[in-house]
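Down below is the structure, laid out as structure tokens.
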Amino acid sequence: MGPMPGYPRERGAGDSRPSNPPFGVVVLETKFAPTPIRRDWIERSALRDQLVDAADRKVILVSAPIGYGKTNLLAQWRNDPREARPFAWVTVDASDNEPLRLWTYLVEAIRQVEPDIGDSLGNLLKRQGVSLRDAFVPQLLDELAILPRRIVIVLDDFSQLTNSACHESIDEIVENLPSTTQLVISTRSDPPLSSLQRVRLAGEMLEIRAADLRFTIEEARSLLKQTAGMELDLRDVRCLVDRTEGWPAGLYLAALSLQDRVDAEAFIKDFAGDSRHVADDLTTEILNRLPVRVRRFLVRTSILERFNSSLSEAVVGEGGSAALLEELERSNLFLVPLDDQRNWFRYHHLFQELLQSDLRATDRTLVPELHRRASQWHRRWGFLDDAIKHANAANDIESSRELISGNWLAYCNAGRLPTVRSWIESLGEKRVASDPVLSLTAAWIAGLSGHADEIEKWLELASRSSFLGPLPDGTSSLASGIALVRASFGHEGVGKALAAARVAVEFEERVDARWHPAAQTALGFYLCISGERAQATARFEGVAQRRTPGGIFEVIFALSQLSIIASESGRRIEAARLAREAVAIVDEYRLSNALPASVAYTALGRALVAAEDLAGGRRELERALALRRGSDLIAPWPTLQLLLALAPIRAIQDDREGGVLLMQEARAIADAYPDAGVLGTELEVLERSITAAKPRSAPIGVSLTDRELSVLRLLPTSLTQREIGNDLFLSINTVKTHVKSIFGKLEVESRAEAVERARELRLL
């Protein structure tokens with residue numbers, strides 16, 4: 001599957017975006033800055049002092065339920081004249097539950113304050129298939145460590161993040177945060193980060209919680225004066241503070257309700273109930289006092305996470321939104337500006353929830369239509385994620401089908417599989433099952449997610465329909481799409497995958513068809529591993545000669561397989577040329593960390609082995625294996641092909657144990673599927689040869705594993721532990737574990753002593 005052109009990226013409607021974000025991530029500038037400071041805010045001087053004085057703390061955690069003024073406090077601190085450090089600010093929302101999107105925003109936020117860094121980070125994010133935790137996070141930490149000045153990174157509304165992969169990578173950041181950087185987490189509930197407890201115990205964290213954020217008597221008195229325009233008796237203020245337990249949002253609602261009241265004392269006397277009931281009652285009371293047009297605007301726009309005048313008018317169905325937004329901001333009605341120009345706004349989350357509750361109670365039947373209007377507006381301006389979210393909420397299956405099926409491939413190629421999966425999941429299984437095109441897309445996503453057991457269910461649902469014509473993703477027909485899925489993943493065995501590939505080629509026979517390269521490549525591969533190399537060669541050559549940006553993955557795969565065929569046929573020079581050509585394309589398109597690159601590295605490794613460069617060949621094959629780890633759940637046969645190439649190289653290079661492990665892994669794959677083609681025969685030969693080989697004897701008194709020996713051999717060099725890891729395709733933590741074990745077994749305490757002792761034992 002190759003990259004496809006992106007959806008519209010026009011600048012407009014008050015939106016401003018960086019010029020070069022990773023494909024498929026539309027970056028909203030409004031997420032990079034806190035709420036602009038307002039003159040009517042209550043100064044939180046004591047808390048601000050704590051924050052200013054905590055510059056030496058590694059982490060600041062601001063944790064309190066909704067309505068406690070967490071963001072306002074951080075915004076006041078950011079603007080305190082005593083705070084000289086720049087703030088890299090990211091306002092998190094639910095759509096950031098995807099590592100690529102989250103870290104894209106973090107990099108762009110850092111570039112807002114340090115524009116001279118981050119190019120390599122941005123390029124790394126653009127590489128398809130990159131491991132963000134293993135590759136991106138260490139590089140981010142390295143770049144943060146060399147910043148010319150100290151900065152503060154703020155992750156506001158952190159509780160919106162529920163993705164464990166996001167949590168794991170942030171845990172890694174917290175564990176290794178350099179002294180140049182302070183991390184601030186603002187959240188409604190404590191985040192599930194194991195690193196925070198260690199930072200807390202080390203005395204490196206400042207915590208501000210709900211008890212700290214509650215308004216004092218004087219702060220409440222100032223709020224009431226500024227918002228309600230009245231001086232209340234101190235006893236009445238104390239009563240309000242007691243009734244709300246100092247909850248800032250509750251006090252603010254009370255202040256709004258007190259505007260123009262003549263019975264303030266009676267209102268305060270009757271003011272009671274828990275915070276949620278207070279908020280519900282006061283919001284209803286406030287809305288009832290508003291003009292009908294204003295209330296209609298508030299309730300209808302409550303379905304939106306962020307909005308400007310253009311979007312508001314499209315959703316509400318009335319003009320004059322710009323003037324109304326100005327009026328609402330002046331009235332302090334929980335409207336939060338998202339930029340200094342006051343183009344984009346959102347509602348305070350508490351107020352938004354209450355407005356949505358009112359909408360459901362008063363005009364539930366209008367909700368789908370409001371979402372449909374929002375979807376159309378977002379689609380027109382190129383905000384695809386929001387367009388799909390609102391189409392799904394509107395139960396607009398036709399629009400959801402067109403948007404999801406037309407864009408899933410581009411998003412997956414850009415490393416945004418979790419986003420597409422969330423689109424499918426948000427529709428719900430029943431609605432997806434009701435549409436054959438969405439069912440087919442669900443089959444693709446199930447396969448790419450490694451859920452082989454779900455593929456057949458979705459394909460069976462898709463096959464029940466007589467849907468005619470080409471699909472939004474460019475597939476010529478539904479039948480062709482079903483065949484392509486079966487051929488792409490091959491979970492039914494090589495024979496059935498070959499038959500499916502033949503069907504797909506018949507449907508996608510036009511050379512200008514979008515899926516023509518994928519169908520031809522699949523057919524060539526299954527012909528190859530069925531023993532029909534001559535026919536496979538013809539298919540691969542046809543794909544390799546027609547290079548288009550949309551089929552670049554297929555070109556890499558075709559060249560790689562042609563190289564492997566050449567190696568097996570003894571054409572060493574040709575094999576090396578084809579493999580290096582495939583790797584050159586990988587480098588050109590910055591795909592070195594992507595799964596398709598593994599086949600190119602497999603081909604190069606086999607070509608080097610064929611040229612009797614075993615060390616170089618093994619290095620490339622190990623590199624390929626690192627990329628393919630776990631991918632056998634997606635497509636087993638390229639992984640099996642690689643294992644059969646690497647296992648004997650390990651075995652003959654003093655790593656028989658490693659060769660046996662790979663052989664066992666290959667056997668597990670072959671046994672999991674009905675038919676392995678000629679790869680099954682190759683595996684049987686390999687099993688006999690490795691089983692017959694004699695294991696290497698270990699030095700007397702020392703029981704280092706083969707991997708420990710590999711690490712030991714690099715200790716006399718000037719390589720750092722991170723560089724040793726890169727050379728051996730190991731993580732830094734794994735290298736540290738091996739070094740610690742080596743020290744223990746050799747009974748030494750330093751690297752130099754380990755080298756000296758190893759030489760005495762003739763291990764080096």
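Residue names in the structure tokens use chain letters A, B, ... in the order shown, residue numbers from 1 in each chain, and ligand numbers from 1 in the order shown.
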Nearby residues (only C-alpha atoms) at most 7 Å from range 223-239 of chain A, same-chain spacing under 5 positions excluded, as a ChimeraX atom specification: /A:40,42,217,255-256,258-259,268
Write out, as a Markdown table, each residue of range 417-437 of chain A that has an atom at most 9 Å from range 373-391 of chain A, together with the closest pair of atoms and their distance in Å to one decimal, counting only C-alpha atoms, rows going by chain and rising number.
| residue | atom | partner | partner_atom | distance |
| --- | --- | --- | --- | --- |
| A:Thr419 | CA | A:Asp385 | CA | 8.3 |
| A:Trp423 | CA | A:Ile388 | CA | 7.1 |
| A:Ser426 | CA | A:Lys389 | CA | 7.8 |
| A:Leu427 | CA | A:Lys389 | CA | 8.8 |
Save the residues we just selected, N, CA and C atoms, as a PDB file, in the first residue's frame?
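Saved to part.pdb:
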ATOM      1  N   THR A 419      -5.760   6.220  14.650  1.00  0.00           N
ATOM      2  CA  THR A 419      -6.824   7.169  14.336  1.00  0.00           C
ATOM      3  C   THR A 419      -7.915   6.504  13.511  1.00  0.00           C
ATOM      4  N   TRP A 423     -11.925   5.778  14.300  1.00  0.00           N
ATOM      5  CA  TRP A 423     -13.064   6.132  13.440  1.00  0.00           C
ATOM      6  C   TRP A 423     -14.041   4.957  13.354  1.00  0.00           C
ATOM      7  N   SER A 426     -15.755   4.252  16.734  1.00  0.00           N
ATOM      8  CA  SER A 426     -16.740   5.253  17.140  1.00  0.00           C
ATOM      9  C   SER A 426     -18.061   5.077  16.403  1.00  0.00           C
ATOM     10  N   LEU A 427     -18.032   4.482  15.221  1.00  0.00           N
ATOM     11  CA  LEU A 427     -19.269   4.196  14.497  1.00  0.00           C
ATOM     12  C   LEU A 427     -20.079   3.103  15.182  1.00  0.00           C
TER      13      LEU A 427
END
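If you count only C-alpha atoms and ignore residues fewer than 4 places along the chain from Ala504 in chain A, what sits within 7 Å of it is A:Ser480, A:Ala483, A:Leu484, A:Ala500, A:Glu508, A:Ala519.
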Non-local contacts of range 744-759 of chain A (7 Å; only C-alpha atoms; under 4 positions in same chain excluded) as a PyMOL selection string: chain A and resi 702+715-716+740+763-764
Hey, can you spit out that residue selection with N, CA and C atoms as a short mmCIF file (atom, residue, chain, number, x, y, z; two decimals), in the first residue's frame?
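Dumped everything to part31.cif:
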data_model
loop_
_atom_site.label_atom_id
_atom_site.label_comp_id
_atom_site.auth_asym_id
_atom_site.auth_seq_id
_atom_site.Cartn_x
_atom_site.Cartn_y
_atom_site.Cartn_z
N VAL A 702 32.81 -19.65 33.09
CA VAL A 702 32.08 -18.46 32.67
C VAL A 702 30.89 -18.90 31.83
N LEU A 715 32.86 -3.65 24.30
CA LEU A 715 33.28 -2.87 25.46
C LEU A 715 34.69 -2.26 25.31
N PRO A 716 35.63 -2.92 24.62
CA PRO A 716 36.95 -2.28 24.46
C PRO A 716 36.93 -1.07 23.52
N LYS A 740 25.43 -5.09 33.19
CA LYS A 740 25.36 -5.41 34.61
C LYS A 740 25.58 -6.90 34.84
N LEU A 763 38.30 -14.39 26.26
CA LEU A 763 37.00 -14.12 25.65
C LEU A 763 37.11 -13.01 24.62
N LEU A 764 38.20 -12.26 24.65
CA LEU A 764 38.46 -11.19 23.68
C LEU A 764 39.79 -11.46 22.99
#
Residues flagged alpha helix (DSSP H) by DSSP in range 260-394 of chain A, as a PyMOL selection string: chain A and resi 264-270+275-288+292-301+309-316+321-330+349-363+367-381+384-393
For Ala611 in chain A, please output as a compact mmCIF listing (two decimals) with N, CA and C atoms, in the first residue's frame all residues within 10 Å (counting only C-alpha atoms; exclusion window: fewer than 3 positions along the same chain).
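Okay, part.txt is ready:
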# COMPACT_ATOMS: atom_id res chain seq x y z
N SER A 567 19.66 -13.80 -5.70
CA SER A 567 20.58 -14.44 -4.74
C SER A 567 20.43 -15.95 -4.76
N GLY A 570 22.12 -17.53 -7.69
CA GLY A 570 23.55 -17.38 -7.81
C GLY A 570 24.00 -16.14 -8.57
N ARG A 571 23.08 -15.21 -8.89
CA ARG A 571 23.44 -13.99 -9.61
C ARG A 571 23.77 -12.90 -8.59
N ARG A 572 24.97 -12.97 -8.03
CA ARG A 572 25.33 -12.15 -6.88
C ARG A 572 25.35 -10.66 -7.20
N ILE A 573 25.95 -10.30 -8.31
CA ILE A 573 26.07 -8.88 -8.66
C ILE A 573 24.69 -8.27 -8.87
N ALA A 575 21.88 -9.38 -7.65
CA ALA A 575 21.18 -9.38 -6.36
C ALA A 575 21.56 -8.15 -5.54
N ALA A 576 22.88 -7.86 -5.49
CA ALA A 576 23.34 -6.69 -4.72
C ALA A 576 22.82 -5.40 -5.32
N GLY A 605 20.67 -8.12 3.03
CA GLY A 605 21.37 -9.09 3.87
C GLY A 605 21.66 -10.38 3.13
N ARG A 606 20.70 -10.88 2.39
CA ARG A 606 20.90 -12.12 1.64
C ARG A 606 21.91 -11.92 0.51
N ALA A 607 21.89 -10.74 -0.10
CA ALA A 607 22.86 -10.47 -1.17
C ALA A 607 24.28 -10.44 -0.61
N LEU A 608 24.45 -9.85 0.58
CA LEU A 608 25.77 -9.79 1.20
C LEU A 608 26.23 -11.19 1.62
N LEU A 614 29.45 -12.40 5.58
CA LEU A 614 28.49 -12.90 6.56
C LEU A 614 28.20 -11.85 7.63
N GLY A 616 28.34 -8.53 7.41
CA GLY A 616 27.49 -7.48 6.84
C GLY A 616 26.09 -7.99 6.58
N GLY A 617 26.00 -9.23 6.07
CA GLY A 617 24.69 -9.81 5.80
C GLY A 617 23.88 -9.98 7.07
Write out, as CSV, each residue of range 523-553 of chain A that has an atom at most 10 Å from range 511-517 of chain A, together with the closest pair of atoms and their distance in Å to one decimal, counting only C-alpha atoms, rows going by chain and rising number.
residue,atom,partner,partner_atom,distance
A:Leu523,CA,A:Pro517,CA,9.9
A:Arg539,CA,A:Pro517,CA,9.4
A:Phe540,CA,A:Pro517,CA,9.3
A:Gly542,CA,A:Pro517,CA,8.7
A:Val543,CA,A:Pro517,CA,5.8
A:Ala544,CA,A:Pro517,CA,9.0
A:Arg546,CA,A:Pro517,CA,8.5
A:Arg547,CA,A:Pro517,CA,9.3
A:Thr548,CA,A:Pro517,CA,9.5
A:Gly550,CA,A:Arg514,CA,7.7
A:Gly551,CA,A:Pro517,CA,6.2
A:Ile552,CA,A:Pro517,CA,9.1
A:Phe553,CA,A:Pro517,CA,9.2
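Near range 79-86 of chain A, within 8 Å and counting only C-alpha atoms, sit Arg48, Val52, Ala75, Gln76, Trp77, Ala88, Val113, Arg149, Arg150, Ile151 and Val152 of chain A; same-chain residues fewer than 2 positions away were not included.
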Contacts of Glu541 in chain A at 8 Å (only C-alpha atoms; same-chain gap of 4+ positions) as a ChimeraX atom specification: /A:537,545,558-559,562
What would the file look like if the residues just selected were written as a tab-separated table (two decimals), in the first residue's frame with C-alpha atoms?
chain	number	residue	atom	x	y	z
A	537	THR	CA	9.87	-12.34	-11.82
A	545	GLN	CA	9.37	-0.40	-13.92
A	558	ALA	CA	9.23	-5.87	-5.96
A	559	LEU	CA	12.91	-4.86	-6.18
A	562	LEU	CA	13.80	-9.70	-7.44
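Remark: for Gly474 in chain A, the closest of the candidate residues A:Val437, A:Ala109, A:Leu61, A:Leu193 is A:Val437 (distances computed over only C-alpha atoms).
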Those of range 46-253 of chain A in DSSP strand (DSSP E or B), formatted as a VMD selection string: chain A and resid 59 to 63 87 to 91 151 to 156 181 to 187 205 to 209
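Minimum atom-to-atom distance to Arg57 in chain A, evaluated using only C-alpha atoms, belongs to A:Leu206 out of A:Ile146, A:Leu206, A:Leu683, A:Ile185.
Between Trp444 in chain A and the candidates A:Arg360, A:Arg295, A:Arg421, A:Arg431, the tightest atom-to-atom separation, counting only C-alpha atoms, involves A:Arg421.
Restricting the calculation to only C-alpha atoms, the smallest distance between His738 in chain A and any of A:Glu708, A:Glu425, A:Glu207, A:Glu219 is found for A:Glu708.
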Atomic distance CA of Phe307 in chain A - CA of Glu29 in chain A, expressed in Å with one decimal: 13.3 Å
